[in-house]
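Peer 1: Okay, so here is query_23.cif, and as you'll see once you scroll down, it has mmCIF, N, CA and C atoms.
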```cif
data_work
loop_
_atom_site.label_atom_id
_atom_site.label_comp_id
_atom_site.auth_asym_id
_atom_site.auth_seq_id
_atom_site.Cartn_x
_atom_site.Cartn_y
_atom_site.Cartn_z
N VAL A 1 13.43 -0.89 13.60
CA VAL A 1 12.34 -0.27 12.85
C VAL A 1 12.70 -0.30 11.37
N GLN A 2 11.74 -0.77 10.57
CA GLN A 2 11.97 -0.87 9.13
C GLN A 2 11.36 0.33 8.43
N SER A 3 11.96 0.72 7.33
CA SER A 3 11.39 1.79 6.53
C SER A 3 10.14 1.27 5.83
N VAL A 4 9.32 2.19 5.38
CA VAL A 4 8.11 1.80 4.66
C VAL A 4 8.49 1.04 3.40
N ALA A 5 9.55 1.47 2.72
CA ALA A 5 9.99 0.79 1.50
C ALA A 5 10.37 -0.65 1.80
N ALA A 6 11.06 -0.86 2.92
CA ALA A 6 11.44 -2.22 3.30
C ALA A 6 10.21 -3.06 3.61
N GLN A 7 9.23 -2.45 4.26
CA GLN A 7 8.00 -3.17 4.58
C GLN A 7 7.27 -3.57 3.30
N ILE A 8 7.30 -2.71 2.30
CA ILE A 8 6.64 -3.01 1.02
C ILE A 8 7.32 -4.20 0.35
N VAL A 9 8.64 -4.18 0.31
CA VAL A 9 9.38 -5.28 -0.31
C VAL A 9 9.06 -6.58 0.41
N ILE A 10 9.06 -6.52 1.72
CA ILE A 10 8.77 -7.72 2.51
C ILE A 10 7.34 -8.18 2.24
N ALA A 11 6.40 -7.24 2.20
CA ALA A 11 5.00 -7.60 1.96
C ALA A 11 4.83 -8.20 0.56
N ILE A 12 5.49 -7.61 -0.42
CA ILE A 12 5.37 -8.12 -1.79
C ILE A 12 5.92 -9.54 -1.87
N ASN A 13 7.04 -9.76 -1.21
CA ASN A 13 7.66 -11.09 -1.22
C ASN A 13 7.03 -12.02 -0.19
N GLN A 14 6.09 -11.49 0.57
CA GLN A 14 5.36 -12.24 1.58
C GLN A 14 6.28 -12.88 2.61
N LEU A 15 7.34 -12.17 2.97
CA LEU A 15 8.26 -12.66 3.98
C LEU A 15 8.14 -11.82 5.24
N THR A 16 8.38 -12.42 6.37
CA THR A 16 8.34 -11.66 7.61
C THR A 16 9.72 -11.63 8.24
N THR A 17 10.13 -10.45 8.61
CA THR A 17 11.34 -10.25 9.39
C THR A 17 11.02 -9.10 10.33
N GLY A 18 11.13 -9.31 11.61
CA GLY A 18 10.82 -8.24 12.55
C GLY A 18 9.33 -8.03 12.67
N VAL A 19 8.91 -6.77 12.64
CA VAL A 19 7.51 -6.40 12.83
C VAL A 19 6.72 -6.68 11.55
N THR A 20 5.62 -7.38 11.70
CA THR A 20 4.75 -7.68 10.57
C THR A 20 3.92 -6.43 10.27
N PRO A 21 3.85 -5.98 9.01
CA PRO A 21 3.08 -4.79 8.66
C PRO A 21 1.60 -4.95 9.03
N PHE A 22 0.98 -3.84 9.43
CA PHE A 22 -0.44 -3.84 9.75
C PHE A 22 -1.19 -4.30 8.51
N GLY A 23 -2.13 -5.21 8.70
CA GLY A 23 -2.90 -5.75 7.59
C GLY A 23 -2.49 -7.16 7.23
N TYR A 24 -1.41 -7.62 7.86
CA TYR A 24 -0.89 -8.96 7.58
C TYR A 24 -0.60 -9.70 8.87
N ARG A 25 -0.49 -10.99 8.78
CA ARG A 25 -0.08 -11.86 9.88
C ARG A 25 1.03 -12.76 9.37
N ALA A 26 1.90 -13.15 10.27
CA ALA A 26 2.95 -14.09 9.91
C ALA A 26 2.33 -15.47 9.81
N GLY A 27 2.44 -16.05 8.64
CA GLY A 27 1.89 -17.38 8.42
C GLY A 27 2.97 -18.43 8.53
N ALA A 28 2.72 -19.55 7.94
CA ALA A 28 3.65 -20.67 7.97
C ALA A 28 4.97 -20.30 7.29
N GLU A 29 6.05 -20.72 7.88
CA GLU A 29 7.39 -20.54 7.32
C GLU A 29 7.74 -19.08 7.02
N GLY A 30 7.19 -18.15 7.80
CA GLY A 30 7.53 -16.74 7.63
C GLY A 30 6.82 -16.04 6.50
N MET A 31 5.87 -16.68 5.88
CA MET A 31 5.12 -16.06 4.79
C MET A 31 4.04 -15.15 5.37
N LEU A 32 3.77 -14.07 4.69
CA LEU A 32 2.72 -13.16 5.12
C LEU A 32 1.37 -13.62 4.60
N ALA A 33 0.37 -13.46 5.45
CA ALA A 33 -1.01 -13.75 5.07
C ALA A 33 -1.85 -12.54 5.45
N ALA A 34 -2.78 -12.19 4.60
CA ALA A 34 -3.65 -11.03 4.87
C ALA A 34 -4.49 -11.29 6.12
N ASP A 35 -4.60 -10.27 6.96
CA ASP A 35 -5.48 -10.30 8.12
C ASP A 35 -6.74 -9.54 7.71
N LEU A 36 -7.83 -10.24 7.53
CA LEU A 36 -9.03 -9.63 6.96
C LEU A 36 -9.57 -8.48 7.80
N ALA A 37 -9.54 -8.60 9.11
CA ALA A 37 -10.04 -7.52 9.98
C ALA A 37 -9.17 -6.27 9.81
N GLU A 38 -7.87 -6.45 9.77
CA GLU A 38 -6.98 -5.31 9.59
C GLU A 38 -7.08 -4.75 8.18
N GLN A 39 -7.32 -5.60 7.20
CA GLN A 39 -7.51 -5.13 5.83
C GLN A 39 -8.74 -4.22 5.73
N GLU A 40 -9.78 -4.54 6.50
CA GLU A 40 -10.96 -3.67 6.54
C GLU A 40 -10.61 -2.29 7.07
N VAL A 41 -9.78 -2.24 8.11
CA VAL A 41 -9.35 -0.96 8.67
C VAL A 41 -8.53 -0.20 7.63
N ILE A 42 -7.65 -0.89 6.93
CA ILE A 42 -6.86 -0.25 5.88
C ILE A 42 -7.78 0.33 4.81
N ASN A 43 -8.79 -0.41 4.42
CA ASN A 43 -9.75 0.10 3.42
C ASN A 43 -10.46 1.34 3.93
N GLU A 44 -10.83 1.36 5.21
CA GLU A 44 -11.46 2.55 5.79
C GLU A 44 -10.50 3.74 5.74
N ILE A 45 -9.25 3.50 6.12
CA ILE A 45 -8.24 4.56 6.11
C ILE A 45 -8.09 5.14 4.71
N LEU A 46 -7.97 4.27 3.71
CA LEU A 46 -7.78 4.73 2.34
C LEU A 46 -9.01 5.46 1.81
N GLU A 47 -10.19 4.99 2.18
CA GLU A 47 -11.42 5.67 1.76
C GLU A 47 -11.49 7.08 2.36
N LEU A 48 -11.21 7.18 3.64
CA LEU A 48 -11.23 8.49 4.30
C LEU A 48 -10.17 9.41 3.70
N HIS A 49 -8.99 8.87 3.44
CA HIS A 49 -7.91 9.67 2.86
C HIS A 49 -8.31 10.17 1.47
N THR A 50 -8.95 9.30 0.68
CA THR A 50 -9.42 9.68 -0.65
C THR A 50 -10.43 10.82 -0.58
N GLN A 51 -11.20 10.84 0.50
CA GLN A 51 -12.20 11.91 0.69
C GLN A 51 -11.57 13.21 1.18
N GLY A 52 -10.24 13.21 1.39
CA GLY A 52 -9.55 14.42 1.81
C GLY A 52 -9.50 14.62 3.31
N VAL A 53 -9.83 13.60 4.08
CA VAL A 53 -9.79 13.69 5.53
C VAL A 53 -8.33 13.67 5.97
N SER A 54 -7.97 14.54 6.92
CA SER A 54 -6.59 14.60 7.40
C SER A 54 -6.24 13.33 8.17
N LEU A 55 -4.94 13.06 8.27
CA LEU A 55 -4.49 11.87 8.97
C LEU A 55 -4.95 11.88 10.43
N ARG A 56 -4.83 13.02 11.08
CA ARG A 56 -5.25 13.13 12.48
C ARG A 56 -6.76 12.87 12.62
N SER A 57 -7.54 13.38 11.69
CA SER A 57 -8.99 13.15 11.72
C SER A 57 -9.33 11.69 11.43
N ILE A 58 -8.53 11.05 10.58
CA ILE A 58 -8.73 9.63 10.32
C ILE A 58 -8.53 8.84 11.60
N VAL A 59 -7.45 9.17 12.34
CA VAL A 59 -7.17 8.49 13.60
C VAL A 59 -8.35 8.68 14.57
N GLU A 60 -8.85 9.89 14.66
CA GLU A 60 -9.98 10.18 15.55
C GLU A 60 -11.24 9.41 15.13
N THR A 61 -11.50 9.38 13.83
CA THR A 61 -12.67 8.66 13.31
C THR A 61 -12.57 7.17 13.61
N LEU A 62 -11.40 6.59 13.39
CA LEU A 62 -11.20 5.17 13.66
C LEU A 62 -11.40 4.87 15.14
N ALA A 63 -10.89 5.75 16.00
CA ALA A 63 -11.06 5.55 17.45
C ALA A 63 -12.53 5.60 17.83
N GLU A 64 -13.28 6.53 17.23
CA GLU A 64 -14.72 6.63 17.50
C GLU A 64 -15.45 5.36 17.05
N ARG A 65 -14.95 4.73 15.99
CA ARG A 65 -15.56 3.51 15.46
C ARG A 65 -15.08 2.25 16.18
N GLY A 66 -14.16 2.44 17.13
CA GLY A 66 -13.64 1.30 17.87
C GLY A 66 -12.56 0.52 17.14
N ARG A 67 -12.00 1.11 16.11
CA ARG A 67 -10.93 0.46 15.35
C ARG A 67 -9.61 0.74 16.05
N VAL A 68 -8.92 -0.29 16.46
CA VAL A 68 -7.69 -0.13 17.23
C VAL A 68 -6.56 -0.95 16.63
N SER A 69 -5.36 -0.73 17.15
CA SER A 69 -4.19 -1.48 16.71
C SER A 69 -4.21 -2.87 17.32
N ARG A 70 -3.20 -3.65 16.99
CA ARG A 70 -3.10 -5.00 17.54
C ARG A 70 -2.98 -5.01 19.04
N THR A 71 -2.45 -3.93 19.60
CA THR A 71 -2.27 -3.86 21.05
C THR A 71 -3.53 -3.38 21.77
N GLY A 72 -4.56 -3.05 21.00
CA GLY A 72 -5.80 -2.58 21.60
C GLY A 72 -5.84 -1.07 21.81
N LYS A 73 -4.78 -0.39 21.40
CA LYS A 73 -4.71 1.06 21.54
C LYS A 73 -5.13 1.71 20.22
N PRO A 74 -5.53 2.98 20.28
CA PRO A 74 -5.87 3.67 19.03
C PRO A 74 -4.67 3.68 18.08
N LEU A 75 -4.96 3.65 16.80
CA LEU A 75 -3.89 3.74 15.80
C LEU A 75 -3.21 5.10 15.93
N ALA A 76 -1.91 5.13 15.67
CA ALA A 76 -1.15 6.37 15.72
C ALA A 76 -1.18 7.04 14.35
N VAL A 77 -1.01 8.35 14.34
CA VAL A 77 -0.98 9.10 13.09
C VAL A 77 0.12 8.55 12.19
N THR A 78 1.26 8.22 12.76
CA THR A 78 2.38 7.67 11.99
C THR A 78 1.99 6.36 11.33
N GLN A 79 1.27 5.54 12.07
CA GLN A 79 0.85 4.25 11.52
C GLN A 79 -0.11 4.46 10.34
N VAL A 80 -1.03 5.38 10.49
CA VAL A 80 -1.98 5.67 9.40
C VAL A 80 -1.23 6.24 8.20
N ARG A 81 -0.26 7.13 8.45
CA ARG A 81 0.53 7.69 7.35
C ARG A 81 1.27 6.57 6.62
N ASN A 82 1.87 5.64 7.34
CA ASN A 82 2.58 4.54 6.71
C ASN A 82 1.66 3.69 5.85
N ILE A 83 0.44 3.49 6.30
CA ILE A 83 -0.53 2.71 5.52
C ILE A 83 -0.86 3.43 4.22
N VAL A 84 -1.06 4.74 4.30
CA VAL A 84 -1.38 5.54 3.10
C VAL A 84 -0.21 5.51 2.14
N VAL A 85 1.01 5.69 2.65
CA VAL A 85 2.20 5.69 1.80
C VAL A 85 2.39 4.33 1.16
N ARG A 86 2.22 3.27 1.94
CA ARG A 86 2.39 1.91 1.41
C ARG A 86 1.39 1.63 0.30
N ALA A 87 0.17 2.12 0.44
CA ALA A 87 -0.86 1.90 -0.58
C ALA A 87 -0.55 2.66 -1.86
N ALA A 88 0.12 3.82 -1.73
CA ALA A 88 0.42 4.65 -2.89
C ALA A 88 1.62 4.12 -3.67
N ALA A 89 2.40 3.26 -3.04
CA ALA A 89 3.64 2.76 -3.69
C ALA A 89 3.34 1.73 -4.76
#
```
Turn the structure described in the file into structure tokens.
Peer 2:
Amino acid sequence: VQSVAAQIVIAINQLTTGVTPFGYRAGAEGMLAADLAEQEVINEILELHTQGVSLRSIVETLAERGRVSRTGKPLAVTQVRNIVVRAAA
């Protein structure tokens, strides 16, 4: 498991090692490429967070909208928190 700071460095350098951060896909030669569908979810998360919606409520709202993780399961509160923290960095 990588720290959020490590994920940011990897994302900035567009390199993949281990788990690819939500919102990106591993491209050619280990370079990160934006995943447009996941980027839309990230934008929704950040918009809801800006409106003052709690992380747990964001997770519930996304589930109601059918927004899920790569595994097809609802996003976890921790995952949403990591997205918010990564965006603030």
Peer 1: What does the structure give for the distance between CA of Glu47 in chain A and CA of Ala34 in chain A, in Å to one decimal?
Peer 2: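 Those two atoms sit 18.7 Å apart.
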Peer 1: Could you please determine the separation between atom N of Pro21 in chain A and atom N of Ala87 in chain A in Å, to one decimal place?
Peer 2: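 Here the two named atoms are 12.4 Å from each other.
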Peer 1: I need the output of the PyMOL selection byres (((chain A and resi 59 and name CA) around 10) and name CA) for this file as a ChimeraX atom specification; which residues are they?
Peer 2: /A:45,53-58,60-65,67-68,74-81
Peer 1: Quick check, in Å to one decimal: how far apart do atom N of Ile42 in chain A and CA of Gly23 in chain A lie?
Peer 2: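 The value is 6.8 Å.
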Peer 1: Hey, what does DSSP flag as strand (DSSP E or B) within chain A? Can you give it to me as a PyMOL selection string?
Peer 2: chain A and resi 15+24-26+31-34+68+74
Peer 1: Counting all atoms listed in the file, which residue out of A:His49, A:Arg86, A:Ser69, A:Leu36 sits closest to Ile8 in chain A?
Peer 2: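 Looking only at the distances to Ile8 in chain A, the closest residue turns out to be A:Arg86.
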Peer 1: For each of A:Val19, A:Leu32, A:Ala26, A:Val84, take the minimum atom-to-atom distance to Leu46 in chain A, counting only N, CA and C atoms, then give the residue where this is smallest.
Peer 2: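 Residue with the minimum atom-to-atom distance to Leu46 in chain A: A:Val84.
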Peer 1: Got a minute to add N, CA, C and O atoms to range 69-84 of chain A and dump it as a JSON list (two decimals), keeping the file's coordinate frame?
Peer 2:
```
[["chain", "number", "residue", "atom", "x", "y", "z"],
["A", 69, "SER", "N", -5.36, -0.73, 17.15],
["A", 69, "SER", "CA", -4.19, -1.48, 16.71],
["A", 69, "SER", "C", -4.21, -2.87, 17.32],
["A", 69, "SER", "O", -5.09, -3.21, 18.10],
["A", 70, "ARG", "N", -3.20, -3.65, 16.99],
["A", 70, "ARG", "CA", -3.10, -5.00, 17.54],
["A", 70, "ARG", "C", -2.98, -5.01, 19.04],
["A", 70, "ARG", "O", -3.32, -5.98, 19.70],
["A", 71, "THR", "N", -2.45, -3.93, 19.60],
["A", 71, "THR", "CA", -2.27, -3.86, 21.05],
["A", 71, "THR", "C", -3.53, -3.38, 21.77],
["A", 71, "THR", "O", -3.54, -3.30, 22.98],
["A", 72, "GLY", "N", -4.56, -3.05, 21.00],
["A", 72, "GLY", "CA", -5.80, -2.58, 21.60],
["A", 72, "GLY", "C", -5.84, -1.07, 21.81],
["A", 72, "GLY", "O", -6.81, -0.54, 22.34],
["A", 73, "LYS", "N", -4.78, -0.39, 21.40],
["A", 73, "LYS", "CA", -4.71, 1.06, 21.54],
["A", 73, "LYS", "C", -5.13, 1.71, 20.22],
["A", 73, "LYS", "O", -5.08, 1.08, 19.17],
["A", 74, "PRO", "N", -5.53, 2.98, 20.28],
["A", 74, "PRO", "CA", -5.87, 3.67, 19.03],
["A", 74, "PRO", "C", -4.67, 3.68, 18.08],
["A", 74, "PRO", "O", -3.52, 3.69, 18.52],
["A", 75, "LEU", "N", -4.96, 3.65, 16.80],
["A", 75, "LEU", "CA", -3.89, 3.74, 15.80],
["A", 75, "LEU", "C", -3.21, 5.10, 15.93],
["A", 75, "LEU", "O", -3.85, 6.10, 16.22],
["A", 76, "ALA", "N", -1.91, 5.13, 15.67],
["A", 76, "ALA", "CA", -1.15, 6.37, 15.72],
["A", 76, "ALA", "C", -1.18, 7.04, 14.35],
["A", 76, "ALA", "O", -1.36, 6.38, 13.33],
["A", 77, "VAL", "N", -1.01, 8.35, 14.34],
["A", 77, "VAL", "CA", -0.98, 9.10, 13.09],
["A", 77, "VAL", "C", 0.12, 8.55, 12.19],
["A", 77, "VAL", "O", -0.08, 8.38, 10.98],
["A", 78, "THR", "N", 1.26, 8.22, 12.76],
["A", 78, "THR", "CA", 2.38, 7.67, 11.99],
["A", 78, "THR", "C", 1.99, 6.36, 11.33],
["A", 78, "THR", "O", 2.34, 6.10, 10.18],
["A", 79, "GLN", "N", 1.27, 5.54, 12.07],
["A", 79, "GLN", "CA", 0.85, 4.25, 11.52],
["A", 79, "GLN", "C", -0.11, 4.46, 10.34],
["A", 79, "GLN", "O", 0.01, 3.79, 9.31],
["A", 80, "VAL", "N", -1.03, 5.38, 10.49],
["A", 80, "VAL", "CA", -1.98, 5.67, 9.40],
["A", 80, "VAL", "C", -1.23, 6.24, 8.20],
["A", 80, "VAL", "O", -1.49, 5.85, 7.06],
["A", 81, "ARG", "N", -0.26, 7.13, 8.45],
["A", 81, "ARG", "CA", 0.53, 7.69, 7.35],
["A", 81, "ARG", "C", 1.27, 6.57, 6.62],
["A", 81, "ARG", "O", 1.30, 6.54, 5.38],
["A", 82, "ASN", "N", 1.87, 5.64, 7.34],
["A", 82, "ASN", "CA", 2.58, 4.54, 6.71],
["A", 82, "ASN", "C", 1.66, 3.69, 5.85],
["A", 82, "ASN", "O", 2.05, 3.23, 4.78],
["A", 83, "ILE", "N", 0.44, 3.49, 6.30],
["A", 83, "ILE", "CA", -0.53, 2.71, 5.52],
["A", 83, "ILE", "C", -0.86, 3.43, 4.22],
["A", 83, "ILE", "O", -0.91, 2.81, 3.15],
["A", 84, "VAL", "N", -1.06, 4.74, 4.30],
["A", 84, "VAL", "CA", -1.38, 5.54, 3.10],
["A", 84, "VAL", "C", -0.21, 5.51, 2.14],
["A", 84, "VAL", "O", -0.38, 5.32, 0.92]]
```
